[in-house]
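J.: PDB, C-alpha atoms and all ligand atoms, saved as data_14.pdb, coming up:
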```pdb
ATOM      1  CA  MET A   1     116.599  93.924  70.275
ATOM      2  CA  LYS A   2     118.776  94.605  73.276
ATOM      3  CA  SER A   3     117.071  93.482  76.466
ATOM      4  CA  PRO A   4     116.995  96.074  79.247
ATOM      5  CA  ALA A   5     119.411  95.595  82.104
ATOM      6  CA  TYR A   6     116.705  95.642  84.722
ATOM      7  CA  ILE A   7     113.094  94.480  84.628
ATOM      8  CA  GLY A   8     111.293  94.324  87.948
ATOM      9  CA  ARG A   9     107.729  93.510  88.839
ATOM     10  CA  PHE A  10     105.057  93.505  91.518
ATOM     11  CA  ALA A  11     102.824  90.450  91.521
ATOM     12  CA  PRO A  12      99.900  90.745  93.947
ATOM     13  CA  THR A  13      97.429  87.938  94.596
ATOM     14  CA  PRO A  14      93.855  89.275  94.681
ATOM     15  CA  SER A  15      92.858  87.064  97.604
ATOM     16  CA  GLY A  16      92.767  90.281  99.598
ATOM     17  CA  PHE A  17      93.422  94.002  99.468
ATOM     18  CA  LEU A  18      96.851  95.575  99.730
ATOM     19  CA  HIS A  19      98.046  96.048 103.300
ATOM     20  CA  PHE A  20     101.114  97.630 104.811
ATOM     21  CA  GLY A  21     103.271  94.558 104.145
ATOM     22  CA  SER A  22     102.332  94.498 100.473
ATOM     23  CA  LEU A  23     102.985  98.236 100.217
ATOM     24  CA  VAL A  24     106.505  97.664 101.536
ATOM     25  CA  ALA A  25     107.101  94.942  98.915
ATOM     26  CA  ALA A  26     105.617  97.044  96.102
ATOM     27  CA  LEU A  27     107.644 100.063  97.142
ATOM     28  CA  ALA A  28     110.936  98.165  97.351
ATOM     29  CA  SER A  29     110.470  96.545  93.940
ATOM     30  CA  TYR A  30     109.438  99.865  92.405
ATOM     31  CA  LEU A  31     112.345 101.858  93.847
ATOM     32  CA  ASP A  32     114.907  99.192  93.062
ATOM     33  CA  ALA A  33     113.721  99.091  89.435
ATOM     34  CA  ARG A  34     113.360 102.829  88.885
ATOM     35  CA  SER A  35     116.628 103.768  90.560
ATOM     36  CA  ALA A  36     118.351 101.353  88.157
ATOM     37  CA  GLY A  37     116.576 102.964  85.195
ATOM     38  CA  GLY A  38     114.602  99.753  84.815
ATOM     39  CA  GLN A  39     111.058  98.795  83.961
ATOM     40  CA  TRP A  40     108.483  97.925  86.579
ATOM     41  CA  LEU A  41     105.762  95.488  85.533
ATOM     42  CA  LEU A  42     102.531  94.588  87.235
ATOM     43  CA  ARG A  43     101.151  91.073  87.213
ATOM     44  CA  MET A  44      97.871  89.997  88.766
ATOM     45  CA  GLU A  45      98.309  86.505  90.193
ATOM     46  CA  ASP A  46      94.684  85.498  89.809
ATOM     47  CA  LEU A  47      95.224  81.736  89.797
ATOM     48  CA  ASP A  48      92.595  80.881  92.371
ATOM     49  CA  PRO A  49      89.205  82.461  91.573
ATOM     50  CA  PRO A  50      87.377  80.750  94.473
ATOM     51  CA  ARG A  51      89.742  82.428  96.936
ATOM     52  CA  GLU A  52      89.584  85.809  95.308
ATOM     53  CA  ALA A  53      88.066  88.666  97.306
ATOM     54  CA  PRO A  54      85.333  90.344  95.263
ATOM     55  CA  GLY A  55      86.566  93.696  93.995
ATOM     56  CA  ALA A  56      90.142  93.049  95.085
ATOM     57  CA  GLN A  57      91.679  93.248  91.601
ATOM     58  CA  ALA A  58      90.262  96.692  90.890
ATOM     59  CA  ALA A  59      91.011  97.868  94.420
ATOM     60  CA  ILE A  60      94.669  96.822  94.151
ATOM     61  CA  LEU A  61      95.157  98.759  90.912
ATOM     62  CA  HIS A  62      93.334 101.747  92.328
ATOM     63  CA  THR A  63      95.392 101.737  95.513
ATOM     64  CA  LEU A  64      98.658 101.525  93.576
ATOM     65  CA  GLU A  65      97.570 104.515  91.500
ATOM     66  CA  ASN A  66      96.636 106.456  94.623
ATOM     67  CA  TYR A  67     100.075 105.784  96.016
ATOM     68  CA  GLY A  68     101.647 107.240  92.903
ATOM     69  CA  PHE A  69     102.942 104.009  91.337
ATOM     70  CA  GLU A  70     103.200 103.894  87.552
ATOM     71  CA  TRP A  71     103.816 100.565  85.852
ATOM     72  CA  ASP A  72     105.105  99.829  82.382
ATOM     73  CA  GLY A  73     102.868  98.238  79.785
ATOM     74  CA  GLU A  74      99.630  96.391  80.335
ATOM     75  CA  VAL A  75      98.860  94.455  83.498
ATOM     76  CA  VAL A  76      99.451  90.720  82.902
ATOM     77  CA  TYR A  77      96.741  88.408  84.285
ATOM     78  CA  GLN A  78      97.706  84.857  85.105
ATOM     79  CA  SER A  79      94.152  83.793  84.316
ATOM     80  CA  GLN A  80      95.054  84.530  80.671
ATOM     81  CA  ARG A  81      98.157  82.351  80.719
ATOM     82  CA  HIS A  82      96.679  78.867  81.184
ATOM     83  CA  ALA A  83      97.713  77.650  77.728
ATOM     84  CA  ALA A  84     101.359  78.426  78.486
ATOM     85  CA  TYR A  85     101.172  76.597  81.818
ATOM     86  CA  ASP A  86      99.511  73.577  80.203
ATOM     87  CA  GLU A  87     102.159  73.379  77.528
ATOM     88  CA  VAL A  88     104.905  73.128  80.130
ATOM     89  CA  ILE A  89     102.991  70.673  82.308
ATOM     90  CA  ASP A  90     102.481  68.424  79.258
ATOM     91  CA  ARG A  91     106.172  68.598  78.488
ATOM     92  CA  LEU A  92     107.227  67.774  82.072
ATOM     93  CA  PHE A  93     104.709  64.959  82.202
ATOM     94  CA  SER A  94     105.742  63.391  78.916
ATOM     95  CA  HIS A  95     109.402  63.482  79.953
ATOM     96  CA  GLY A  96     108.591  61.696  83.200
ATOM     97  CA  LEU A  97     109.621  64.716  85.262
ATOM     98  CA  ALA A  98     106.110  65.152  86.607
ATOM     99  CA  TYR A  99     103.476  62.593  87.519
ATOM    100  CA  ALA A 100      99.867  62.278  88.585
ATOM    101  CA  CYS A 101      99.119  61.994  92.293
ATOM    102  CA  THR A 102      95.812  60.751  93.645
ATOM    103  CA  CYS A 103      96.626  60.964  97.343
ATOM    104  CA  SER A 104      93.896  62.410  99.508
ATOM    105  CA  ARG A 105      94.509  65.223 101.939
ATOM    106  CA  LYS A 106      93.918  62.709 104.708
ATOM    107  CA  GLN A 107      96.621  60.376 103.365
ATOM    108  CA  LEU A 108      99.117  63.227 103.302
ATOM    109  CA  GLU A 109      98.308  64.617 106.731
ATOM    110  CA  ARG A 110     100.831  62.592 108.692
ATOM    111  CA  HIS A 111     103.716  63.590 106.401
ATOM    112  CA  HIS A 112     103.658  67.207 107.617
ATOM    113  CA  GLY A 113     103.664  68.846 104.211
ATOM    114  CA  ILE A 114     106.641  66.915 102.846
ATOM    115  CA  TYR A 115     105.369  64.653 100.107
ATOM    116  CA  PRO A 116     106.996  61.222 100.415
ATOM    117  CA  GLY A 117     106.599  60.296  96.732
ATOM    118  CA  LEU A 118     103.803  57.777  97.242
ATOM    119  CA  CYS A 119     102.549  58.043  93.644
ATOM    120  CA  ARG A 120     105.943  58.458  91.964
ATOM    121  CA  ASN A 121     105.909  55.150  90.187
ATOM    122  CA  ALA A 122     102.190  54.442  90.202
ATOM    123  CA  GLY A 123     101.571  55.585  86.629
ATOM    124  CA  HIS A 124      98.216  57.165  87.466
ATOM    125  CA  ALA A 125      96.237  58.837  84.699
ATOM    126  CA  ARG A 126      96.090  62.626  84.816
ATOM    127  CA  GLN A 127      92.315  62.878  85.089
ATOM    128  CA  ASP A 128      91.154  63.970  88.535
ATOM    129  CA  ALA A 129      94.704  63.846  89.840
ATOM    130  CA  ALA A 130      97.132  66.483  91.022
ATOM    131  CA  ILE A 131     100.342  66.832  89.003
ATOM    132  CA  ARG A 132     103.544  66.763  91.010
ATOM    133  CA  LEU A 133     107.070  67.591  89.970
ATOM    134  CA  ARG A 134     109.795  65.136  90.940
ATOM    135  CA  VAL A 135     112.478  66.854  92.952
ATOM    136  CA  PRO A 136     116.108  65.735  93.140
ATOM    137  CA  GLU A 137     117.770  64.795  96.427
ATOM    138  CA  LEU A 138     119.739  68.013  96.274
ATOM    139  CA  SER A 139     120.095  71.335  98.023
ATOM    140  CA  TYR A 140     119.380  74.496  96.110
ATOM    141  CA  HIS A 141     120.831  77.752  97.292
ATOM    142  CA  PHE A 142     121.114  81.360  96.246
ATOM    143  CA  ILE A 143     122.490  84.604  97.620
ATOM    144  CA  ASP A 144     119.704  87.014  98.433
ATOM    145  CA  ARG A 145     120.656  90.688  98.290
ATOM    146  CA  VAL A 146     119.225  91.297 101.766
ATOM    147  CA  GLN A 147     118.852  87.902 103.425
ATOM    148  CA  GLY A 148     122.194  86.512 102.284
ATOM    149  CA  LEU A 149     122.746  82.806 101.663
ATOM    150  CA  PHE A 150     119.577  80.745 101.650
ATOM    151  CA  GLU A 151     119.715  77.027 101.182
ATOM    152  CA  GLN A 152     117.113  74.277 101.156
ATOM    153  CA  HIS A 153     117.232  70.563 100.487
ATOM    154  CA  LEU A 154     114.334  69.899  98.152
ATOM    155  CA  GLY A 155     114.007  66.195  98.801
ATOM    156  CA  ARG A 156     114.117  66.471 102.590
ATOM    157  CA  LYS A 157     112.353  69.788 103.149
ATOM    158  CA  VAL A 158     109.776  69.916 100.351
ATOM    159  CA  GLY A 159     109.348  66.664  98.445
ATOM    160  CA  ASP A 160     107.737  66.357  95.034
ATOM    161  CA  PHE A 161     105.540  69.427  94.837
ATOM    162  CA  VAL A 162     102.259  70.195  93.119
ATOM    163  CA  ILE A 163     102.337  72.159  89.877
ATOM    164  CA  ARG A 164      98.697  71.626  89.021
ATOM    165  CA  ARG A 165      96.098  70.915  91.623
ATOM    166  CA  ARG A 166      93.563  68.169  91.485
ATOM    167  CA  ASP A 167      90.791  70.718  90.940
ATOM    168  CA  GLY A 168      92.618  71.961  87.828
ATOM    169  CA  LEU A 169      94.084  75.141  89.344
ATOM    170  CA  TYR A 170      97.705  75.928  88.499
ATOM    171  CA  ALA A 171     100.215  76.209  91.302
ATOM    172  CA  TYR A 172     101.876  79.487  92.158
ATOM    173  CA  GLN A 173     105.375  77.926  91.957
ATOM    174  CA  LEU A 174     104.955  77.013  88.310
ATOM    175  CA  ALA A 175     103.104  80.121  87.173
ATOM    176  CA  VAL A 176     105.498  82.548  88.826
ATOM    177  CA  VAL A 177     108.557  80.957  87.216
ATOM    178  CA  LEU A 178     107.027  80.824  83.745
ATOM    179  CA  ASP A 179     105.707  84.361  83.883
ATOM    180  CA  ASP A 180     108.835  85.953  85.301
ATOM    181  CA  ALA A 181     110.798  84.341  82.462
ATOM    182  CA  TRP A 182     108.196  85.224  79.825
ATOM    183  CA  GLN A 183     108.161  88.851  80.960
ATOM    184  CA  GLY A 184     111.948  88.998  81.007
ATOM    185  CA  VAL A 185     112.118  89.806  84.725
ATOM    186  CA  THR A 186     115.731  90.205  85.844
ATOM    187  CA  ASP A 187     115.115  91.142  89.483
ATOM    188  CA  ILE A 188     112.598  89.753  91.905
ATOM    189  CA  VAL A 189     111.933  91.924  94.936
ATOM    190  CA  ARG A 190     109.252  90.521  97.232
ATOM    191  CA  GLY A 191     108.385  89.576 100.794
ATOM    192  CA  ALA A 192     110.523  87.182 102.816
ATOM    193  CA  ASP A 193     107.532  84.867 103.222
ATOM    194  CA  LEU A 194     108.549  83.614  99.771
ATOM    195  CA  LEU A 195     112.164  82.859 100.671
ATOM    196  CA  ASP A 196     111.452  79.197 101.177
ATOM    197  CA  SER A 197     109.617  78.974  97.844
ATOM    198  CA  THR A 198     112.676  80.201  95.990
ATOM    199  CA  PRO A 199     114.629  76.899  95.867
ATOM    200  CA  ARG A 200     111.618  75.245  94.181
ATOM    201  CA  GLN A 201     111.601  78.064  91.690
ATOM    202  CA  LEU A 202     115.351  77.716  91.086
ATOM    203  CA  TYR A 203     114.840  74.040  90.356
ATOM    204  CA  LEU A 204     112.058  74.800  87.865
ATOM    205  CA  GLN A 205     114.249  77.402  86.160
ATOM    206  CA  GLU A 206     117.065  74.890  85.869
ATOM    207  CA  LEU A 207     114.763  72.191  84.523
ATOM    208  CA  LEU A 208     113.246  74.495  81.906
ATOM    209  CA  GLY A 209     116.497  76.181  80.912
ATOM    210  CA  LEU A 210     115.359  79.596  82.146
ATOM    211  CA  ARG A 211     117.633  82.346  83.330
ATOM    212  CA  GLN A 212     117.882  82.790  87.084
ATOM    213  CA  PRO A 213     116.886  86.284  88.224
ATOM    214  CA  ARG A 214     118.482  88.159  91.106
ATOM    215  CA  TYR A 215     116.518  88.042  94.348
ATOM    216  CA  LEU A 216     115.873  90.529  97.110
ATOM    217  CA  HIS A 217     113.493  89.494  99.871
ATOM    218  CA  VAL A 218     112.338  92.416 101.993
ATOM    219  CA  PRO A 219     111.809  91.750 105.707
ATOM    220  CA  LEU A 220     108.493  90.460 106.861
ATOM    221  CA  ILE A 221     106.698  92.996 108.956
ATOM    222  CA  ILE A 222     106.021  91.400 112.314
ATOM    223  CA  GLN A 223     103.383  92.942 114.543
ATOM    224  CA  PRO A 224     104.425  93.714 118.111
ATOM    225  CA  ASP A 225     102.239  90.766 119.205
ATOM    226  CA  GLY A 226     104.339  88.452 117.033
ATOM    227  CA  HIS A 227     101.784  88.074 114.230
ATOM    228  CA  LYS A 228     103.072  88.319 110.715
ATOM    229  CA  LEU A 229     101.456  91.158 108.821
ATOM    230  CA  GLY A 230     100.203  89.390 105.774
ATOM    231  CA  LYS A 231      97.551  87.364 104.041
ATOM    232  CA  SER A 232      96.971  85.072 106.974
ATOM    233  CA  TYR A 233      96.442  87.900 109.386
ATOM    234  CA  ARG A 234      93.799  90.568 109.151
ATOM    235  CA  SER A 235      95.619  93.826 108.684
ATOM    236  CA  ALA A 236      93.869  97.029 107.750
ATOM    237  CA  PRO A 237      93.583  97.592 104.013
ATOM    238  CA  LEU A 238      95.397 100.699 102.843
ATOM    239  CA  GLN A 239      93.433 103.932 102.729
ATOM    240  CA  GLY A 240      93.861 106.265  99.786
ATOM    241  CA  ASP A 241      93.837 109.490 101.789
ATOM    242  CA  ALA A 242      96.733 108.417 103.999
ATOM    243  CA  ALA A 243      99.036 107.648 101.078
ATOM    244  CA  THR A 244     101.917 109.989 101.888
ATOM    245  CA  PRO A 245     102.262 109.122 105.593
ATOM    246  CA  LEU A 246     102.051 105.416 104.818
ATOM    247  CA  LEU A 247     104.643 105.714 102.056
ATOM    248  CA  LEU A 248     106.966 107.461 104.495
ATOM    249  CA  ARG A 249     106.379 104.764 107.048
ATOM    250  CA  ALA A 250     107.061 102.067 104.435
ATOM    251  CA  LEU A 251     110.280 103.860 103.466
ATOM    252  CA  ARG A 252     111.418 103.877 107.085
ATOM    253  CA  ALA A 253     110.541 100.177 107.332
ATOM    254  CA  LEU A 254     112.950  99.679 104.414
ATOM    255  CA  GLY A 255     115.722 101.494 106.251
ATOM    256  CA  GLN A 256     115.468 104.639 104.117
ATOM    257  CA  LYS A 257     115.578 108.107 105.672
ATOM    258  CA  PRO A 258     112.893 110.278 104.101
ATOM    259  CA  GLU A 259     113.168 114.001 104.796
ATOM    260  CA  GLN A 260     110.649 115.585 107.158
ATOM    261  CA  ALA A 261     109.650 118.031 104.437
ATOM    262  CA  LEU A 262     108.149 115.218 102.378
ATOM    263  CA  ALA A 263     105.247 114.923 104.813
ATOM    264  CA  GLY A 264     103.304 117.548 102.861
ATOM    265  CA  SER A 265     104.174 116.154  99.437
ATOM    266  CA  HIS A 266     102.132 114.309  96.852
ATOM    267  CA  PRO A 267     102.808 110.527  96.768
ATOM    268  CA  ARG A 268     104.451 110.943  93.334
ATOM    269  CA  GLU A 269     106.948 113.400  94.804
ATOM    270  CA  VAL A 270     107.683 111.004  97.652
ATOM    271  CA  LEU A 271     108.370 108.236  95.133
ATOM    272  CA  ALA A 272     110.562 110.520  93.037
ATOM    273  CA  TRP A 273     112.582 111.541  96.106
ATOM    274  CA  ALA A 274     112.860 107.920  97.249
ATOM    275  CA  THR A 275     113.997 106.758  93.800
ATOM    276  CA  GLY A 276     116.796 109.299  93.869
ATOM    277  CA  HIS A 277     117.840 108.291  97.380
ATOM    278  CA  TRP A 278     117.267 104.528  97.189
ATOM    279  CA  ASN A 279     119.756 102.500  99.184
ATOM    280  CA  ALA A 280     118.983  98.792  99.021
ATOM    281  CA  GLY A 281     121.951  98.165 101.316
ATOM    282  CA  ALA A 282     120.058  99.838 104.172
ATOM    283  CA  ILE A 283     117.154  97.354 104.120
ATOM    284  CA  PRO A 284     117.047  95.432 107.420
ATOM    285  CA  ARG A 285     116.768  91.652 107.408
ATOM    286  CA  THR A 286     113.981  91.562 109.974
ATOM    287  CA  LEU A 287     111.597  94.091 111.375
ATOM    288  CA  THR A 288     108.776  94.537 113.816
ATOM    289  CA  LEU A 289     105.997  96.994 113.109
ATOM    290  CA  ALA A 290     106.983  99.294 115.954
ATOM    291  CA  GLU A 291     110.496  99.650 114.506
ATOM    292  CA  ALA A 292     108.961 100.719 111.204
ATOM    293  CA  ASP A 293     108.092 103.990 112.948
ATOM    294  CA  LEU A 294     111.522 104.757 114.369
ATOM    295  CA  HIS A 295     113.612 107.799 113.331
TER
HETATM  296  N1  LIG B 301     101.558  86.643  94.340
HETATM  297  C1  LIG B 301     102.462  86.462  95.430
HETATM  298  C2  LIG B 301     101.912  87.103  96.681
HETATM  299  O1  LIG B 301     101.094  87.994  96.599
HETATM  300  C3  LIG B 301     103.808  87.076  95.181
HETATM  301  C4  LIG B 301     104.544  86.355  94.149
HETATM  302  C5  LIG B 301     105.955  86.801  93.994
HETATM  303  O2  LIG B 301     106.258  87.975  94.207
HETATM  304  O3  LIG B 301     106.751  85.954  93.591
HETATM  305  O4  LIG B 301     102.296  86.702  97.752
HETATM  306 ZN    ZN B 302     100.180  60.710  95.671
END
```
For the file at hand, write its structure as structure tokens.

T.:
Amino acid sequence: MKSPAYIGRFAPTPSGFLHFGSLVAALASYLDARSAGGQWLLRMEDLDPPREAPGAQAAILHTLENYGFEWDGEVVYQSQRHAAYDEVIDRLFSHGLAYACTCSRKQLERHHGIYPGLCRNAGHARQDAAIRLRVPELSYHFIDRVQGLFEQHLGRKVGDFVIRRRDGLYAYQLAVVLDDAWQGVTDIVRGADLLDSTPRQLYLQELLGLRQPRYLHVPLIIQPDGHKLGKSYRSAPLQGDAATPLLLRALRALGQKPEQALAGSHPREVLAWATGHWNAGAIPRTLTLAEADLH
């Protein structure tokens, strides 16, 4: 079977409801996929049930439908993919590429998030331990379609990172790489808050012999007060009845120039227009919320 030239995806985490920033990411990935004649997949990144907002999964799907988005195939749930994650963790562990870490949060505090490899050679058992991946003392870089060259030294800036937490939960970095490869994703379009996760993901792809997708990180939406519009900041959940105006606003945030006449259109018509007029080259690298309303 010939694999399609373009497979994109949107991968929300149900720790909260969709907000304007997630709409911008969903919209960009959708338009980039559809304008290339590609597929657009939906994956629920439900790796952390304790941090899930009740009702968020259903609300996310419902909101996407209200905004006129149509995805290909069934929604993939990461909660159904544990066996695949375990298989890879076992493999990395048995090859000595990953190891068990028993450090407490307190012990790690003074290292400012960069793990100094304390348990690298300790040979701890896996029970009640986190699993960390050894990273090489190397820089990983890639050319993002919007952000340009991005480079990060894994040893100095990240350190050996967790792929399975001590409480048994799987880490985003591992799950996202395995699932993007498993779903045949060729193009990752997502928020720039994940730029500095990408080198870790490139390393995992290299280690596991997976194909490297193309990347496009859309600008983070910064509120006029300097707050990032995202998970860590309370931004208003999207309202179904305001779909068209918010889609138009999201399009402007992405540097597109929607026609005035679209204001009275159904969200599906807005998406159809925007697919036909998509210009990824017009996406700005950075943005504040006020600018999203210009034009
Ligand atoms: N689930 C992640 C989030 O909602 C996005 C993952 C990705 O697009 O790689 O922030
Ligand atoms: Zn440790």

J.: Return as a list of chain:residue names every polymer residue, whether protein, DNA or RNA, with at least one atom no more than 6 Å from an atom of ligand ZN 302 (chain B); count all atoms listed in the file.

T.: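 Using all atoms listed in the file, everything at most 6 Å from ligand ZN 302 (chain B) comes to A:Cys101, A:Thr102, A:Cys103, A:Leu118, A:Cys119.
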
J.: Report the residues retrieved by the PyMOL selection byres (((chain A and resi 64) around 10) and not hetatm) from the displayed file, expressed as a compact mmCIF listing (two decimals) with C-alpha atoms, keeping the file's coordinate frame.

T.:
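Written out: result-v5.txt:
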```txt
# COMPACT_ATOMS: atom_id res chain seq x y z
CA LEU A 18 96.85 95.58 99.73
CA LEU A 23 102.98 98.24 100.22
CA ALA A 26 105.62 97.04 96.10
CA LEU A 27 107.64 100.06 97.14
CA ALA A 59 91.01 97.87 94.42
CA ILE A 60 94.67 96.82 94.15
CA LEU A 61 95.16 98.76 90.91
CA HIS A 62 93.33 101.75 92.33
CA THR A 63 95.39 101.74 95.51
CA GLU A 65 97.57 104.52 91.50
CA ASN A 66 96.64 106.46 94.62
CA TYR A 67 100.08 105.78 96.02
CA GLY A 68 101.65 107.24 92.90
CA PHE A 69 102.94 104.01 91.34
CA GLU A 70 103.20 103.89 87.55
CA TRP A 71 103.82 100.56 85.85
CA LEU A 238 95.40 100.70 102.84
CA GLY A 240 93.86 106.26 99.79
CA ALA A 243 99.04 107.65 101.08
```

J.: So which residues get picked by the PyMOL selection byres (((not hetatm)) within 8 of (chain B and resi 301)) here, written as a list in words?

T.: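 When the PyMOL selection byres (((not hetatm)) within 8 of (chain B and resi 301)) is applied, the selected residues are Arg9, Phe10, Ala11, Pro12, Thr13, Pro14, Ser22, Met44, Glu45, Tyr172, Val176, Ile188, Val189, Arg190, Gly191, Asp193, Leu194 and Lys231 of chain A.
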
J.: Hey, can you check how far atom CA of A:Gln152 sits from atom CA of A:Leu41?

T.: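 It comes out at 28.7 Å.
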
J.: Within 12 Å of A:Arg81, counting all atoms listed in the file, which residues qualify if same-chain residues fewer than 4 places away don't, as a ChimeraX atom specification?

T.: /A:43-47,76-77,85-88,169-170,174-176,178-179,182-183

J.: Considering all atoms listed in the file, tabulate each residue of stretch 192-291 of chain A that lies at most 12 Å from stretch 154-161 of chain A along with its nearest interatomic pair and the corresponding distance in Å to one decimal; arrange the rows by chain and ascending residue number and present them as CSV.

T.:
```
residue,atom,partner,partner_atom,distance
A:Asp196,CA,A:Val158,CA,9.5
A:Ser197,CA,A:Val158,CA,9.4
A:Thr198,CA,A:Leu154,CA,10.7
A:Pro199,CA,A:Leu154,CA,7.4
A:Arg200,CA,A:Leu154,CA,7.2
A:Gln201,CA,A:Leu154,CA,10.8
A:Leu202,CA,A:Leu154,CA,10.6
A:Tyr203,CA,A:Leu154,CA,8.8
A:Leu204,CA,A:Phe161,CA,11.0
```

J.: Could you expand the PyMOL selection byres (((chain A and resi 210-225) around 6) and not hetatm) into the explicit residues it covers here, written as an MDAnalysis selection string?

T.: chainID A and resid 144:146 186:192 205 208:209 226:229 285:289

J.: If we draw a sphere of 6 Å around (101.0, 75.1, 94.4), which residues have at least one atom in it when counting only C-alpha atoms? Please report them as a list in words.

T.: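 Using only C-alpha atoms, the matching residues come out as Val162, Ile163, Ala171, Tyr172 and Gln173 of chain A.
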
J.: Could you please determine the separation between atom CA of A:Gln57 and atom CA of A:Tyr6 in Å, to one decimal place?

T.: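 We find that atom CA of A:Gln57 and atom CA of A:Tyr6 lie 26.1 Å from each other.
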